[in-house]
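For reference, coords.cif (mmCIF, C-alpha atoms):
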data_upload
loop_
_atom_site.label_atom_id
_atom_site.label_comp_id
_atom_site.auth_asym_id
_atom_site.auth_seq_id
_atom_site.Cartn_x
_atom_site.Cartn_y
_atom_site.Cartn_z
CA MET A 20 -26.61 9.68 32.46
CA SER A 21 -29.34 8.76 30.03
CA HIS A 22 -28.87 8.68 26.28
CA THR A 23 -31.38 11.50 25.88
CA GLY A 24 -29.56 13.78 28.27
CA LEU A 25 -26.48 13.58 26.11
CA SER A 26 -28.06 13.04 22.73
CA ARG A 27 -27.16 16.25 20.89
CA ARG A 28 -23.79 17.14 22.27
CA LYS A 29 -21.86 19.13 19.67
CA VAL A 30 -18.46 17.74 18.77
CA LEU A 31 -15.66 18.69 16.38
CA ILE A 32 -13.37 16.22 14.64
CA SER A 33 -10.13 17.54 13.13
CA GLY A 34 -9.11 15.44 10.13
CA ALA A 35 -11.02 13.67 7.34
CA GLY A 36 -8.64 10.81 6.59
CA VAL A 37 -9.52 7.35 7.96
CA ALA A 38 -10.09 7.91 11.68
CA GLY A 39 -12.05 11.16 11.28
CA PRO A 40 -14.93 9.98 9.07
CA ALA A 41 -15.09 6.63 10.91
CA LEU A 42 -15.41 8.44 14.24
CA ALA A 43 -17.98 10.81 12.71
CA PHE A 44 -20.05 7.83 11.55
CA TRP A 45 -20.19 6.22 14.97
CA LEU A 46 -20.67 9.45 16.94
CA ASN A 47 -23.58 10.32 14.65
CA ARG A 48 -25.03 6.87 15.30
CA HIS A 49 -24.83 7.55 19.02
CA GLY A 50 -26.73 10.83 18.69
CA PHE A 51 -23.98 13.46 18.59
CA ALA A 52 -24.09 16.55 16.37
CA VAL A 53 -20.82 16.16 14.45
CA THR A 54 -18.65 18.64 12.55
CA VAL A 55 -15.50 17.53 10.70
CA VAL A 56 -12.85 20.07 9.71
CA GLU A 57 -10.24 19.19 7.08
CA LYS A 58 -7.46 21.41 5.75
CA ALA A 59 -7.61 19.82 2.27
CA GLY A 60 -10.21 21.00 -0.20
CA THR A 61 -11.86 17.61 -0.69
CA PRO A 62 -11.62 14.08 0.73
CA ARG A 63 -8.13 13.03 -0.19
CA GLY A 64 -7.83 10.49 -2.98
CA GLY A 65 -4.81 8.50 -4.03
CA GLY A 66 -2.28 7.32 -1.52
CA TYR A 67 -0.48 4.05 -1.04
CA PRO A 68 -2.61 0.91 -0.68
CA VAL A 69 -3.59 0.12 2.92
CA ASP A 70 -4.70 -3.02 4.76
CA VAL A 71 -7.92 -3.65 6.67
CA ARG A 72 -7.49 -6.73 8.83
CA GLY A 73 -8.71 -8.60 11.85
CA THR A 74 -10.99 -6.67 14.19
CA ALA A 75 -11.18 -3.75 11.73
CA LEU A 76 -13.02 -5.98 9.23
CA GLU A 77 -15.86 -6.25 11.73
CA VAL A 78 -15.91 -2.45 12.10
CA VAL A 79 -16.36 -1.87 8.35
CA ARG A 80 -18.94 -4.69 8.23
CA ARG A 81 -20.99 -2.93 10.94
CA MET A 82 -20.66 0.33 9.00
CA GLY A 83 -22.16 -1.32 5.93
CA ILE A 84 -19.18 -0.54 3.67
CA LEU A 85 -17.60 -4.02 3.55
CA PRO A 86 -19.16 -4.90 0.15
CA ARG A 87 -17.85 -1.65 -1.37
CA LEU A 88 -14.37 -2.33 0.01
CA ARG A 89 -14.46 -5.94 -1.22
CA ASP A 90 -15.18 -4.57 -4.71
CA ALA A 91 -12.16 -2.27 -4.35
CA HIS A 92 -9.89 -5.03 -3.01
CA ILE A 93 -6.48 -5.28 -4.64
CA ASP A 94 -5.65 -8.91 -5.29
CA LEU A 95 -1.88 -8.69 -5.17
CA ARG A 96 -0.53 -11.88 -6.69
CA ARG A 97 3.20 -11.73 -6.22
CA LEU A 98 5.91 -10.12 -4.11
CA THR A 99 9.37 -10.40 -5.65
CA PHE A 100 12.58 -9.55 -3.79
CA LEU A 101 15.72 -8.52 -5.66
CA ASP A 102 19.32 -8.33 -4.50
CA GLY A 103 21.55 -5.29 -4.88
CA ASP A 104 22.64 -6.37 -8.36
CA GLY A 105 19.02 -6.74 -9.48
CA SER A 106 18.98 -10.54 -9.44
CA GLU A 107 15.91 -12.31 -8.04
CA VAL A 108 16.10 -13.61 -4.48
CA ALA A 109 12.57 -15.00 -4.12
CA SER A 110 9.06 -14.56 -5.48
CA LEU A 111 6.32 -15.22 -2.95
CA ASP A 112 2.65 -14.96 -2.21
CA PRO A 113 2.41 -11.56 -0.44
CA HIS A 114 0.48 -12.98 2.53
CA THR A 115 3.45 -15.19 3.37
CA VAL A 116 5.39 -12.07 4.32
CA THR A 117 2.67 -9.70 5.58
CA GLY A 118 0.82 -11.99 7.98
CA GLY A 119 -2.44 -11.32 6.20
CA VAL A 120 -5.04 -13.96 5.38
CA ALA A 121 -5.82 -14.68 1.74
CA GLY A 122 -9.50 -14.38 0.90
CA ARG A 123 -10.40 -12.49 4.06
CA ASP A 124 -8.20 -9.48 4.67
CA LEU A 125 -8.60 -6.43 2.49
CA GLU A 126 -6.04 -4.33 0.71
CA VAL A 127 -7.42 -1.19 -0.93
CA ARG A 128 -6.14 2.12 -2.19
CA ARG A 129 -6.19 4.55 0.69
CA GLY A 130 -8.36 6.85 -1.42
CA ASP A 131 -10.94 4.09 -1.92
CA LEU A 132 -11.14 3.59 1.85
CA THR A 133 -11.49 7.31 2.63
CA ALA A 134 -14.08 7.69 -0.16
CA ALA A 135 -16.16 4.83 1.25
CA LEU A 136 -15.97 6.29 4.76
CA HIS A 137 -16.89 9.78 3.55
CA ALA A 138 -19.83 8.48 1.50
CA ALA A 139 -21.15 6.61 4.55
CA VAL A 140 -21.36 9.80 6.62
CA ARG A 141 -21.40 12.87 4.37
CA ASP A 142 -25.19 13.32 4.47
CA ASP A 143 -25.37 13.11 8.27
CA VAL A 144 -22.56 15.35 9.52
CA GLU A 145 -21.13 18.77 8.69
CA PHE A 146 -17.84 18.89 6.77
CA LEU A 147 -15.70 22.04 6.70
CA PHE A 148 -13.06 21.69 3.98
CA ASN A 149 -10.19 24.11 3.35
CA ASP A 150 -10.02 24.95 7.05
CA SER A 151 -8.30 23.76 10.22
CA VAL A 152 -8.12 24.34 13.96
CA ASP A 153 -5.99 27.31 15.01
CA THR A 154 -6.55 27.41 18.79
CA LEU A 155 -8.37 25.43 21.47
CA ASP A 156 -9.47 26.98 24.75
CA GLN A 157 -11.10 24.63 27.24
CA SER A 158 -13.50 25.71 29.96
CA GLY A 159 -16.06 24.06 32.18
CA ARG A 160 -18.75 24.49 29.56
CA GLY A 161 -16.91 23.30 26.48
CA VAL A 162 -14.05 23.93 24.07
CA ASP A 163 -13.81 27.30 22.32
CA VAL A 164 -12.27 26.74 18.88
CA THR A 165 -10.88 29.33 16.52
CA PHE A 166 -10.38 28.22 12.93
CA ARG A 167 -7.63 29.24 10.53
CA GLY A 168 -10.35 30.62 8.28
CA GLY A 169 -11.40 33.06 11.02
CA GLY A 170 -14.48 31.31 12.43
CA ARG A 171 -15.09 30.77 16.16
CA ARG A 172 -17.34 28.09 17.62
CA THR A 173 -17.84 26.25 20.90
CA PHE A 174 -18.10 22.45 21.11
CA ASP A 175 -18.76 20.03 23.95
CA MET A 176 -15.77 17.93 22.83
CA VAL A 177 -13.00 18.05 20.24
CA PHE A 178 -11.27 15.04 18.68
CA GLY A 179 -7.88 15.03 16.98
CA ALA A 180 -7.91 12.61 14.04
CA ASP A 181 -5.24 14.63 12.27
CA GLY A 182 -2.46 12.12 11.83
CA LEU A 183 1.13 11.49 12.86
CA HIS A 184 1.97 15.20 12.99
CA SER A 185 -1.27 16.14 14.76
CA ARG A 186 -1.91 19.83 15.37
CA THR A 187 -4.55 18.90 17.97
CA ARG A 188 -2.01 16.84 19.92
CA GLU A 189 0.46 19.71 19.84
CA LEU A 190 -2.14 22.18 21.15
CA LEU A 191 -3.19 19.78 23.91
CA PHE A 192 0.06 18.14 25.00
CA GLY A 193 2.92 20.11 23.46
CA PRO A 194 5.62 19.28 20.88
CA GLU A 195 5.50 16.02 18.95
CA GLN A 196 9.08 15.01 19.75
CA GLN A 197 8.18 13.85 23.27
CA PHE A 198 5.80 11.20 21.85
CA HIS A 199 7.61 10.45 18.60
CA ARG A 200 9.33 7.06 18.61
CA TYR A 201 11.57 7.07 15.56
CA LEU A 202 12.16 3.60 14.10
CA GLY A 203 15.32 4.39 12.15
CA TYR A 204 13.97 4.81 8.62
CA CYS A 205 12.58 7.44 6.29
CA PHE A 206 10.58 6.91 3.14
CA ALA A 207 9.37 8.71 0.05
CA GLY A 208 6.29 7.54 -1.84
CA PHE A 209 4.96 8.80 -5.17
CA THR A 210 3.44 7.53 -8.41
CA MET A 211 5.22 7.16 -11.73
CA ARG A 212 4.58 5.73 -15.17
CA ASN A 213 4.34 1.94 -15.32
CA THR A 214 6.96 1.26 -17.97
CA PHE A 215 7.94 -2.01 -16.26
CA GLY A 216 5.19 -4.37 -17.39
CA LEU A 217 4.10 -4.94 -13.81
CA SER A 218 0.55 -5.95 -12.88
CA ARG A 219 -0.90 -6.74 -9.44
CA GLU A 220 2.53 -7.29 -7.95
CA THR A 221 5.28 -5.64 -5.96
CA VAL A 222 8.98 -5.81 -6.77
CA MET A 223 11.40 -4.76 -4.02
CA TRP A 224 15.11 -4.14 -4.44
CA ASN A 225 17.35 -4.07 -1.38
CA ASP A 226 20.88 -3.39 -0.45
CA PRO A 227 21.98 -2.75 3.16
CA GLY A 228 19.97 0.14 4.61
CA ARG A 229 18.14 0.94 1.37
CA ALA A 230 15.07 -0.40 -0.38
CA ALA A 231 13.24 0.56 -3.55
CA ALA A 232 9.84 -0.87 -4.41
CA LEU A 233 7.47 -0.68 -7.35
CA TYR A 234 3.87 -1.60 -6.56
CA ALA A 235 1.46 -2.18 -9.45
CA VAL A 236 -2.13 -2.25 -8.23
CA ASP A 237 -3.50 -3.40 -11.61
CA ASP A 238 -2.82 -2.91 -15.29
CA GLU A 239 -3.04 0.87 -15.04
CA ASP A 240 -0.54 3.33 -16.42
CA ASP A 241 0.92 4.23 -13.00
CA VAL A 242 2.78 2.34 -10.30
CA HIS A 243 3.37 3.32 -6.70
CA ALA A 244 7.06 3.91 -6.07
CA LEU A 245 8.59 3.68 -2.62
CA LEU A 246 12.14 4.59 -1.59
CA ASN A 247 12.98 3.65 1.98
CA PHE A 248 16.28 4.17 3.76
CA ALA A 249 17.89 3.90 7.16
CA HIS A 250 18.74 7.28 8.68
CA PRO A 251 20.27 7.84 12.13
CA ASP A 252 17.95 10.66 13.22
CA PRO A 253 14.62 12.03 12.02
CA PRO A 254 15.39 14.73 9.43
CA PHE A 255 13.04 17.25 11.02
CA GLU A 256 14.39 20.02 8.78
CA ALA A 257 13.06 18.18 5.70
CA PHE A 258 9.53 17.43 6.89
CA ARG A 259 8.07 20.72 5.65
CA ASN A 260 10.44 21.26 2.73
CA PRO A 261 9.72 19.11 -0.35
CA GLU A 262 12.92 20.17 -2.12
CA ALA A 263 15.00 19.15 0.89
CA GLN A 264 13.20 15.81 0.85
CA ARG A 265 14.01 15.23 -2.81
CA ASP A 266 17.64 16.23 -2.25
CA LEU A 267 18.01 13.88 0.73
CA VAL A 268 16.54 10.90 -1.10
CA ALA A 269 18.60 11.60 -4.22
CA ALA A 270 21.80 11.76 -2.16
CA VAL A 271 21.06 8.50 -0.33
CA PHE A 272 20.28 6.58 -3.54
CA ALA A 273 22.80 8.31 -5.82
CA ASP A 274 24.80 5.14 -6.61
CA ALA A 275 21.93 2.64 -6.49
CA GLY A 276 21.32 0.22 -9.34
CA TRP A 277 18.25 -1.57 -10.74
CA GLU A 278 15.47 0.89 -11.70
CA VAL A 279 16.42 3.41 -9.01
CA PRO A 280 17.93 6.08 -11.32
CA GLY A 281 14.63 6.28 -13.21
CA MET A 282 12.72 6.40 -9.92
CA LEU A 283 14.87 9.34 -8.78
CA ALA A 284 14.17 11.15 -12.05
CA ALA A 285 10.43 10.59 -11.56
CA LEU A 286 10.70 11.73 -7.94
CA ARG A 287 11.98 15.14 -9.09
CA GLY A 288 8.82 15.78 -11.07
CA ALA A 289 6.28 13.96 -8.88
CA ASP A 290 3.35 16.11 -7.78
CA ASP A 291 2.13 13.59 -5.20
CA LEU A 292 5.31 13.05 -3.18
CA PHE A 293 4.70 11.85 0.37
CA PHE A 294 7.77 11.89 2.61
CA ASP A 295 8.00 11.03 6.29
CA ALA A 296 9.91 9.26 8.99
CA VAL A 297 8.95 5.72 9.90
CA SER A 298 7.74 6.37 13.41
CA GLN A 299 5.29 5.51 16.12
CA ILE A 300 3.38 7.79 18.44
CA ARG A 301 3.39 6.48 22.01
CA MET A 302 1.51 8.48 24.62
CA PRO A 303 0.79 7.85 28.32
CA ARG A 304 -2.77 9.09 27.76
CA TRP A 305 -4.88 9.98 24.76
CA SER A 306 -7.09 12.70 26.22
CA GLY A 307 -7.03 15.86 28.28
CA GLY A 308 -10.17 17.53 29.55
CA ARG A 309 -12.72 17.60 26.73
CA VAL A 310 -10.23 16.76 23.95
CA ALA A 311 -9.22 13.26 22.84
CA LEU A 312 -7.00 11.80 20.12
CA VAL A 313 -7.69 8.85 17.83
CA GLY A 314 -5.82 6.98 15.10
CA ASP A 315 -2.31 8.03 14.14
CA ALA A 316 -2.59 11.22 16.21
CA ALA A 317 -2.75 9.05 19.35
CA TYR A 318 -1.03 5.80 18.40
CA ALA A 319 0.51 5.69 14.94
CA PRO A 320 1.96 2.16 14.67
CA SER A 321 4.02 2.92 11.48
CA PHE A 322 3.55 1.27 8.13
CA LEU A 323 5.97 -1.48 9.17
CA THR A 324 3.07 -3.04 11.11
CA GLY A 325 0.52 -2.68 8.31
CA GLN A 326 -2.00 -1.81 11.02
CA GLY A 327 -2.38 1.98 10.83
CA SER A 328 -5.77 2.03 9.11
CA SER A 329 -7.05 -0.91 11.13
CA LEU A 330 -6.12 0.76 14.44
CA ALA A 331 -7.80 3.98 13.26
CA LEU A 332 -11.02 2.12 12.43
CA VAL A 333 -11.10 0.12 15.66
CA GLY A 334 -10.12 3.10 17.81
CA SER A 335 -12.85 5.25 16.27
CA TYR A 336 -15.48 2.61 16.98
CA MET A 337 -14.30 2.19 20.56
CA LEU A 338 -14.07 5.93 21.27
CA ALA A 339 -17.57 6.70 19.99
CA GLY A 340 -19.11 3.72 21.75
CA SER A 341 -17.36 4.53 25.02
CA LEU A 342 -18.95 7.99 24.98
CA ALA A 343 -22.48 6.68 24.41
CA GLY A 344 -24.40 7.42 27.61
CA ARG A 345 -21.32 8.79 29.41
CA ASP A 346 -19.84 12.21 30.01
CA HIS A 347 -16.48 13.00 28.45
CA GLY A 348 -14.41 12.07 31.50
CA ALA A 349 -15.92 8.62 31.96
CA GLY A 350 -16.10 8.01 28.22
CA PHE A 351 -12.46 8.85 27.58
CA ALA A 352 -11.38 6.68 30.52
CA ALA A 353 -13.36 3.73 29.14
CA TYR A 354 -11.90 4.27 25.67
CA GLU A 355 -8.35 4.10 26.98
CA HIS A 356 -9.06 1.20 29.32
CA ASP A 357 -10.68 -0.96 26.64
CA THR A 358 -8.52 -0.05 23.62
CA ARG A 359 -4.96 0.44 24.87
CA GLY A 360 -4.06 -3.25 25.10
CA PHE A 361 -5.03 -3.80 21.47
CA VAL A 362 -3.03 -0.75 20.38
CA THR A 363 0.06 -1.76 22.37
CA LEU A 364 -0.02 -5.30 20.99
CA ASN A 365 -0.19 -4.05 17.41
CA GLN A 366 2.49 -1.40 17.89
CA GLY A 367 4.65 -4.26 19.15
CA GLN A 368 4.36 -5.95 15.75
CA VAL A 369 6.94 -3.51 14.40
CA GLY A 370 9.80 -5.86 15.22
CA LYS A 371 8.21 -8.63 13.18
CA GLY A 372 8.38 -6.99 9.77
CA ASP A 373 11.10 -4.38 9.61
CA ALA A 374 14.05 -6.79 9.53
CA THR A 375 12.37 -8.73 6.70
CA LEU A 376 11.71 -5.75 4.49
CA PHE A 377 14.56 -3.40 5.34
CA PRO A 378 17.77 -5.05 6.60
CA THR A 379 20.42 -2.47 7.45
CA THR A 380 23.61 -4.58 7.28
CA ALA A 381 25.07 -6.97 4.70
CA LEU A 382 24.79 -9.86 7.17
CA ALA A 383 21.17 -9.10 7.98
CA LEU A 384 20.37 -8.85 4.28
CA GLU A 385 22.01 -12.22 3.62
CA GLN A 386 20.05 -13.79 6.48
CA ARG A 387 16.83 -12.19 5.23
CA ASN A 388 17.40 -13.53 1.74
CA ASP A 389 18.09 -17.05 3.04
CA MET A 390 14.85 -16.89 5.03
CA LEU A 391 12.87 -15.75 1.98
CA ARG A 392 14.24 -18.57 -0.16
CA ASN A 393 13.06 -21.08 2.43
CA LEU A 394 9.59 -19.60 2.89
CA SER A 395 6.75 -21.60 1.51
CA ALA A 396 5.07 -19.98 -1.48
CA MET A 397 1.69 -21.09 -0.13
CA PRO A 398 -0.63 -18.30 1.02
CA SER A 399 -0.90 -17.82 4.76
CA THR A 400 -4.04 -19.18 6.38
CA GLU A 401 -3.35 -17.82 9.84
CA GLU A 402 -3.25 -14.15 10.66
CA ARG A 403 -1.08 -12.67 13.36
CA PRO A 404 -3.02 -12.92 16.64
CA ALA A 405 -2.56 -9.19 17.33
CA HIS A 406 -4.79 -8.29 14.37
CA SER A 407 -7.89 -9.79 16.02
CA ALA A 408 -6.91 -9.42 19.67
CA LEU A 409 -9.92 -7.22 20.46
CA THR A 410 -13.50 -8.47 20.22
CA LEU A 411 -15.75 -5.52 19.44
CA PRO A 412 -18.36 -4.80 22.08
CA ALA A 413 -21.92 -4.28 20.89
CA PHE A 414 -22.57 -0.63 21.77
CA THR A 415 -26.24 0.25 21.34
CA PRO A 416 -26.66 3.07 18.82
CA LEU A 417 -29.42 5.65 19.16
CA THR A 418 -30.23 5.58 15.47
#
As structure tokens, the full file:
Amino acid sequence: MSHTGLSRRKVLISGAGVAGPALAFWLNRHGFAVTVVEKAGTPRGGGYPVDVRGTALEVVRRMGILPRLRDAHIDLRRLTFLDGDGSEVASLDPHTVTGGVAGRDLEVRRGDLTAALHAAVRDDVEFLFNDSVDTLDQSGRGVDVTFRGGGRRTFDMVFGADGLHSRTRELLFGPEQQFHRYLGYCFAGFTMRNTFGLSRETVMWNDPGRAAALYAVDDEDDVHALLNFAHPDPPFEAFRNPEAQRDLVAAVFADAGWEVPGMLAALRGADDLFFDAVSQIRMPRWSGGRVALVGDAAYAPSFLTGQGSSLALVGSYMLAGSLAGRDHGAGFAAYEHDTRGFVTLNQGQVGKGDATLFPTTALALEQRNDMLRNLSAMPSTEERPAHSALTLPAFTPLT
């Protein structure tokens, strides 16, 4: 098919986090008429800092937002590990542990990344905030969508960029549990007052199966707090119940030392609590008919890999480019064929970092601490090969 024959296909993207606006940007470039629906009232700010590495750096460079993200880069200077009694185990350059490359990789607040993505596309596509997809009904001519707000529209294609607990994926493929690969941990993240004198550093306390971290982005009044713990099964009953989440975390850390009692007190009053299981989404295919998934909805790698945002950015670029000049069937097939290897390689990184950050036994913690003491404090100059394992093709945009 020619570009012109497909140039104004109408598409809907569910989700305005990282993958959604990135996909909207590239689909608009390739001549699609794009609508983005987002259940929140505005682009979401805040959130834990995220990494943009490897191939994803080339995506944001091609989008024109690399300078803005460089300005927003968090130059984390130190990562300090503490033992169960609060004594220091090691203080390192963060890149030594994360596999990032000093001076090249980016770490930014998630809200700064989503704001940059939204700004790059907001004038060119339609955003529907405070709404979400209720039902999808596919036919030969398109996808009939009903919205929670009561609207009904028909699109040529629909894309689920709606995260780990994707509603689009559930409507298309059924319950999440069949694709949910639980990695044995849960976490709670929130912000609290920086009464610790921390600046541009992370301090992490561990005892077997539990970790508490304070992450100071700069000299601001708040720090990001993270409480992570091993748990035998995903606590599905807590996922939609914030009080149950607070109770579970408080019970797990009830006897913990260091600054944890104060963190638990702050958790009770936090209005930005984010709780979830540490999980991956692994699917045999990412599309069905005229509907496709991208980012965490299709292949969440978990924060243990540090690659969630990068996979979302790369996947969005590849999906949009694969559809340029192709119908949905051929485009989705090309997207899977050309992107899956990169996704699989990066999901496989999960074994590289979890034992370092979150040992679950006393022996593993002792071995981890010995390893940290022996690590060079020099910044890493070599990234993990998985981060750049895909060379971006040069899709030809219409505009």
Shell around A:Ala257 at 9 Å using only C-alpha atoms, local window under 6 positions removed, as a ChimeraX atom specification: /A:263-264,267,294-295
Å distance separating atom CA of A:Leu384 from atom CA of A:Tyr234, one decimal place: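 It comes out at 21.0 Å.
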Pick from A:Ala59, A:Ala275, A:Leu245, A:Ala52: nearest to A:Gly103, with only C-alpha atoms counted? A:Ala275
Do you have the atom CA of A:Leu101-atom CA of A:Gly288 distance handy? 25.8 Å
Residues within 9 Å of A:Arg123, please, as a compact mmCIF listing (two decimals) with C-alpha atoms, in the frame of the given file. Count all atoms listed in the file; anything in the same chain fewer than 5 positions from it doesn't count.
# COMPACT_ATOMS: atom_id res chain seq x y z
CA ARG A 72 -7.49 -6.73 8.83
CA GLY A 73 -8.71 -8.60 11.85
CA LEU A 76 -13.02 -5.98 9.23
Given the file shown, determine the residues that the PyMOL selection byres ((chain A and resi 229) around 8) selects; report them as a compact mmCIF listing (two decimals) with C-alpha atoms, in the coordinates of the input.
# COMPACT_ATOMS: atom_id res chain seq x y z
CA ASN A 225 17.35 -4.07 -1.38
CA ASP A 226 20.88 -3.39 -0.45
CA PRO A 227 21.98 -2.75 3.16
CA GLY A 228 19.97 0.14 4.61
CA ALA A 230 15.07 -0.40 -0.38
CA ALA A 231 13.24 0.56 -3.55
CA LEU A 246 12.14 4.59 -1.59
CA ASN A 247 12.98 3.65 1.98
CA PHE A 248 16.28 4.17 3.76
CA ALA A 249 17.89 3.90 7.16
CA PHE A 272 20.28 6.58 -3.54
CA PHE A 377 14.56 -3.40 5.34
CA PRO A 378 17.77 -5.05 6.60
CA THR A 379 20.42 -2.47 7.45
Work out how far atom CA of A:Gly36 is from atom CA of A:Ala235, in Å to one decimal. 23.0 Å
Show me, as a list in words, the residues that have an atom within 7 Å of A:Tyr201 when counting all atoms listed in the file, minus same-chain residues fewer than 4 positions from it.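 Contacts, with the query itself left out: Pro253, Val297, Ser298 and Gln299 of chain A.
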If you apply the PyMOL selection byres ((chain A and resi 141) around 12) to this file, what residues do you get, as JSON, numbers by chain? {"A": [35, 39, 40, 41, 43, 44, 47, 53, 54, 55, 61, 62, 133, 134, 135, 136, 137, 138, 139, 140, 142, 143, 144, 145, 146, 147]}
